[in-house]
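First the structure, in the form of structure tokens, and then the observations on it.
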Amino acid sequence: MSKKKAEKQPIASTLRTLTKGKCTAFKLHRLASVKNTCSYLSLSEGMQFSTHINRTDKVIEVTRTR
């Protein structure tokens, strides 16, 4: 899996364009927004995501699983 550095990027459009098996990262202070967006995309578009909090780098990593 390739990981992307956390940088200022839009959450919804980034997650929509994420292909299956790929990973991206967002800064940890955006945790609530990222989790809500993952849930919304799961319900509305059938996408499924897995998240992991990396406290060392202070990011939330999101991987698309379906």
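Identifiers in this document derive from the order of the structure tokens: chains are assigned A, B, ..., residues are numbered from 1 separately in each chain, and ligands are numbered from 1 in order of occurrence.
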- Please provide as number ranges by chain all residues within 12 Å of Ser42 (chain A), with the sequence filter that same-chain residues fewer than 6 positions apart are discarded (counting only C-alpha atoms). A: 12, 15-16, 35-36, 48-50, 64-66
- Task: Name all residues at most 12 Å from Leu18 (chain A) (count only C-alpha atoms; drop same-chain ones fewer than 3 positions away) and give them as a ChimeraX atom specification.
- Result: /A:1-4,11-15,21-25,38,41,47-49,62-66
Could you save the residues just selected, with N, CA, C and O atoms, as an mmCIF file, in the first residue's frame?
```
data_model
loop_
_atom_site.group_PDB
_atom_site.id
_atom_site.type_symbol
_atom_site.label_atom_id
_atom_site.label_comp_id
_atom_site.auth_asym_id
_atom_site.auth_seq_id
_atom_site.Cartn_x
_atom_site.Cartn_y
_atom_site.Cartn_z
ATOM 1 N N MET A 1 0.831 -1.178 0.000
ATOM 2 C CA MET A 1 0.000 0.000 0.000
ATOM 3 C C MET A 1 0.878 1.244 0.000
ATOM 4 O O MET A 1 1.820 1.338 0.760
ATOM 5 N N SER A 2 0.509 2.163 -0.845
ATOM 6 C CA SER A 2 1.270 3.407 -0.863
ATOM 7 C C SER A 2 0.607 4.404 0.077
ATOM 8 O O SER A 2 -0.607 4.481 0.177
ATOM 9 N N LYS A 3 1.429 5.154 0.783
ATOM 10 C CA LYS A 3 0.916 6.152 1.713
ATOM 11 C C LYS A 3 1.264 7.531 1.204
ATOM 12 O O LYS A 3 2.309 7.739 0.609
ATOM 13 N N LYS A 4 0.380 8.461 1.467
ATOM 14 C CA LYS A 4 0.571 9.833 1.033
ATOM 15 C C LYS A 4 0.818 10.682 2.260
ATOM 16 O O LYS A 4 0.234 10.461 3.296
ATOM 17 N N ILE A 11 -11.252 16.619 2.002
ATOM 18 C CA ILE A 11 -11.486 15.260 2.486
ATOM 19 C C ILE A 11 -12.346 14.452 1.522
ATOM 20 O O ILE A 11 -11.931 13.379 1.065
ATOM 21 N N ALA A 12 -13.538 14.936 1.206
ATOM 22 C CA ALA A 12 -14.491 14.153 0.411
ATOM 23 C C ALA A 12 -13.957 13.800 -0.969
ATOM 24 O O ALA A 12 -14.005 12.636 -1.380
ATOM 25 N N SER A 13 -13.436 14.779 -1.688
ATOM 26 C CA SER A 13 -12.957 14.487 -3.043
ATOM 27 C C SER A 13 -11.726 13.582 -3.024
ATOM 28 O O SER A 13 -11.563 12.730 -3.902
ATOM 29 N N THR A 14 -10.894 13.725 -2.016
ATOM 30 C CA THR A 14 -9.726 12.850 -1.896
ATOM 31 C C THR A 14 -10.158 11.406 -1.659
ATOM 32 O O THR A 14 -9.636 10.484 -2.284
ATOM 33 N N LEU A 15 -11.131 11.207 -0.779
ATOM 34 C CA LEU A 15 -11.605 9.849 -0.494
ATOM 35 C C LEU A 15 -12.369 9.256 -1.670
ATOM 36 O O LEU A 15 -12.277 8.053 -1.928
ATOM 37 N N GLY A 21 -7.472 -0.357 -1.999
ATOM 38 C CA GLY A 21 -6.157 -0.768 -1.537
ATOM 39 C C GLY A 21 -5.184 0.382 -1.314
ATOM 40 O O GLY A 21 -4.104 0.182 -0.768
ATOM 41 N N LYS A 22 -5.533 1.581 -1.738
ATOM 42 C CA LYS A 22 -4.656 2.744 -1.563
ATOM 43 C C LYS A 22 -4.931 3.428 -0.232
ATOM 44 O O LYS A 22 -5.997 3.305 0.342
ATOM 45 N N CYS A 23 -3.935 4.170 0.238
ATOM 46 C CA CYS A 23 -4.004 4.820 1.542
ATOM 47 C C CYS A 23 -3.649 6.294 1.404
ATOM 48 O O CYS A 23 -2.830 6.655 0.569
ATOM 49 N N THR A 24 -4.285 7.113 2.209
ATOM 50 C CA THR A 24 -3.955 8.529 2.281
ATOM 51 C C THR A 24 -3.974 8.946 3.742
ATOM 52 O O THR A 24 -4.493 8.216 4.588
ATOM 53 N N ALA A 25 -3.409 10.091 4.049
ATOM 54 C CA ALA A 25 -3.322 10.541 5.441
ATOM 55 C C ALA A 25 -3.803 11.981 5.564
ATOM 56 O O ALA A 25 -3.616 12.791 4.660
ATOM 57 N N CYS A 38 -16.039 9.376 5.909
ATOM 58 C CA CYS A 38 -15.945 7.941 5.606
ATOM 59 C C CYS A 38 -17.303 7.266 5.806
ATOM 60 O O CYS A 38 -17.741 6.458 4.974
ATOM 61 N N LEU A 41 -19.747 8.402 2.948
ATOM 62 C CA LEU A 41 -19.456 7.752 1.667
ATOM 63 C C LEU A 41 -19.800 6.267 1.700
ATOM 64 O O LEU A 41 -20.200 5.693 0.687
ATOM 65 N N MET A 47 -18.835 2.819 -0.642
ATOM 66 C CA MET A 47 -17.396 2.692 -0.436
ATOM 67 C C MET A 47 -17.149 2.268 1.008
ATOM 68 O O MET A 47 -17.928 2.593 1.892
ATOM 69 N N GLN A 48 -16.076 1.536 1.227
ATOM 70 C CA GLN A 48 -15.741 1.134 2.589
ATOM 71 C C GLN A 48 -14.291 1.519 2.876
ATOM 72 O O GLN A 48 -13.418 1.339 2.036
ATOM 73 N N PHE A 49 -14.073 2.037 4.088
ATOM 74 C CA PHE A 49 -12.757 2.525 4.465
ATOM 75 C C PHE A 49 -12.336 1.935 5.801
ATOM 76 O O PHE A 49 -13.165 1.584 6.633
ATOM 77 N N VAL A 62 -6.176 6.627 6.164
ATOM 78 C CA VAL A 62 -7.414 6.056 5.641
ATOM 79 C C VAL A 62 -7.066 5.163 4.458
ATOM 80 O O VAL A 62 -6.396 5.582 3.531
ATOM 81 N N THR A 63 -7.555 3.928 4.508
ATOM 82 C CA THR A 63 -7.341 2.972 3.436
ATOM 83 C C THR A 63 -8.706 2.572 2.874
ATOM 84 O O THR A 63 -9.607 2.252 3.643
ATOM 85 N N ARG A 64 -8.848 2.590 1.565
ATOM 86 C CA ARG A 64 -10.102 2.135 0.976
ATOM 87 C C ARG A 64 -10.056 0.627 0.831
ATOM 88 O O ARG A 64 -9.145 0.068 0.242
ATOM 89 N N THR A 65 -11.058 -0.038 1.393
ATOM 90 C CA THR A 65 -11.088 -1.498 1.374
ATOM 91 C C THR A 65 -12.077 -2.058 0.366
ATOM 92 O O THR A 65 -11.984 -3.213 -0.023
ATOM 93 N N ARG A 66 -13.072 -1.241 -0.053
ATOM 94 C CA ARG A 66 -14.028 -1.705 -1.051
ATOM 95 C C ARG A 66 -14.537 -0.542 -1.846
ATOM 96 O O ARG A 66 -14.716 0.544 -1.402
#
```
- Task: Apply DSSP to the backbone of this structure and, from chain A, keep only the residues in strand (DSSP E or B); write these as a PyMOL selection string.
- Result: chain A and resi 23-27+49-54+59-64
Residues just named, written with N, CA, C and O atoms as an mmCIF file, in the first residue's frame:
```cif
data_model
loop_
_atom_site.group_PDB
_atom_site.id
_atom_site.type_symbol
_atom_site.label_atom_id
_atom_site.label_comp_id
_atom_site.auth_asym_id
_atom_site.auth_seq_id
_atom_site.Cartn_x
_atom_site.Cartn_y
_atom_site.Cartn_z
ATOM 1 N N CYS A 23 -3.935 4.170 0.238
ATOM 2 C CA CYS A 23 -4.004 4.820 1.542
ATOM 3 C C CYS A 23 -3.649 6.294 1.404
ATOM 4 O O CYS A 23 -2.830 6.655 0.569
ATOM 5 N N THR A 24 -4.285 7.113 2.209
ATOM 6 C CA THR A 24 -3.955 8.529 2.281
ATOM 7 C C THR A 24 -3.974 8.946 3.742
ATOM 8 O O THR A 24 -4.493 8.216 4.588
ATOM 9 N N ALA A 25 -3.409 10.091 4.049
ATOM 10 C CA ALA A 25 -3.322 10.541 5.441
ATOM 11 C C ALA A 25 -3.803 11.981 5.564
ATOM 12 O O ALA A 25 -3.616 12.791 4.660
ATOM 13 N N PHE A 26 -4.439 12.260 6.698
ATOM 14 C CA PHE A 26 -4.897 13.603 7.031
ATOM 15 C C PHE A 26 -4.353 13.945 8.404
ATOM 16 O O PHE A 26 -4.152 13.070 9.237
ATOM 17 N N LYS A 27 -4.170 15.227 8.673
ATOM 18 C CA LYS A 27 -3.692 15.651 9.985
ATOM 19 C C LYS A 27 -4.707 15.264 11.051
ATOM 20 O O LYS A 27 -5.909 15.254 10.817
ATOM 21 N N PHE A 49 -14.073 2.037 4.088
ATOM 22 C CA PHE A 49 -12.757 2.525 4.465
ATOM 23 C C PHE A 49 -12.336 1.935 5.801
ATOM 24 O O PHE A 49 -13.165 1.584 6.633
ATOM 25 N N SER A 50 -11.039 1.856 5.994
ATOM 26 C CA SER A 50 -10.443 1.463 7.260
ATOM 27 C C SER A 50 -9.572 2.633 7.702
ATOM 28 O O SER A 50 -8.891 3.247 6.886
ATOM 29 N N THR A 51 -9.609 2.954 9.001
ATOM 30 C CA THR A 51 -8.811 4.072 9.489
ATOM 31 C C THR A 51 -7.842 3.605 10.567
ATOM 32 O O THR A 51 -8.110 2.631 11.272
ATOM 33 N N HIS A 52 -6.741 4.308 10.668
ATOM 34 C CA HIS A 52 -5.729 4.012 11.675
ATOM 35 C C HIS A 52 -5.134 5.332 12.143
ATOM 36 O O HIS A 52 -4.786 6.183 11.333
ATOM 37 N N ILE A 53 -5.026 5.494 13.450
ATOM 38 C CA ILE A 53 -4.440 6.711 13.999
ATOM 39 C C ILE A 53 -2.959 6.475 14.255
ATOM 40 O O ILE A 53 -2.587 5.556 14.981
ATOM 41 N N ASN A 54 -2.138 7.283 13.627
ATOM 42 C CA ASN A 54 -0.692 7.225 13.789
ATOM 43 C C ASN A 54 -0.297 8.395 14.692
ATOM 44 O O ASN A 54 -0.163 9.525 14.233
ATOM 45 N N VAL A 59 -1.202 11.822 12.430
ATOM 46 C CA VAL A 59 -2.083 11.744 11.276
ATOM 47 C C VAL A 59 -3.096 10.614 11.456
ATOM 48 O O VAL A 59 -2.887 9.698 12.255
ATOM 49 N N ILE A 60 -4.204 10.707 10.709
ATOM 50 C CA ILE A 60 -5.133 9.597 10.601
ATOM 51 C C ILE A 60 -4.966 9.049 9.194
ATOM 52 O O ILE A 60 -5.027 9.795 8.208
ATOM 53 N N GLU A 61 -4.687 7.760 9.099
ATOM 54 C CA GLU A 61 -4.472 7.105 7.814
ATOM 55 C C GLU A 61 -5.764 6.416 7.397
ATOM 56 O O GLU A 61 -6.379 5.706 8.181
ATOM 57 N N VAL A 62 -6.176 6.627 6.164
ATOM 58 C CA VAL A 62 -7.414 6.056 5.641
ATOM 59 C C VAL A 62 -7.066 5.163 4.458
ATOM 60 O O VAL A 62 -6.396 5.582 3.531
ATOM 61 N N THR A 63 -7.555 3.928 4.508
ATOM 62 C CA THR A 63 -7.341 2.972 3.436
ATOM 63 C C THR A 63 -8.706 2.572 2.874
ATOM 64 O O THR A 63 -9.607 2.252 3.643
ATOM 65 N N ARG A 64 -8.848 2.590 1.565
ATOM 66 C CA ARG A 64 -10.102 2.135 0.976
ATOM 67 C C ARG A 64 -10.056 0.627 0.831
ATOM 68 O O ARG A 64 -9.145 0.068 0.242
#
```
- Note on the structure: What separates CA of Ala32 (chain A) and CA of Glu45 (chain A) is a distance of 19.5 Å
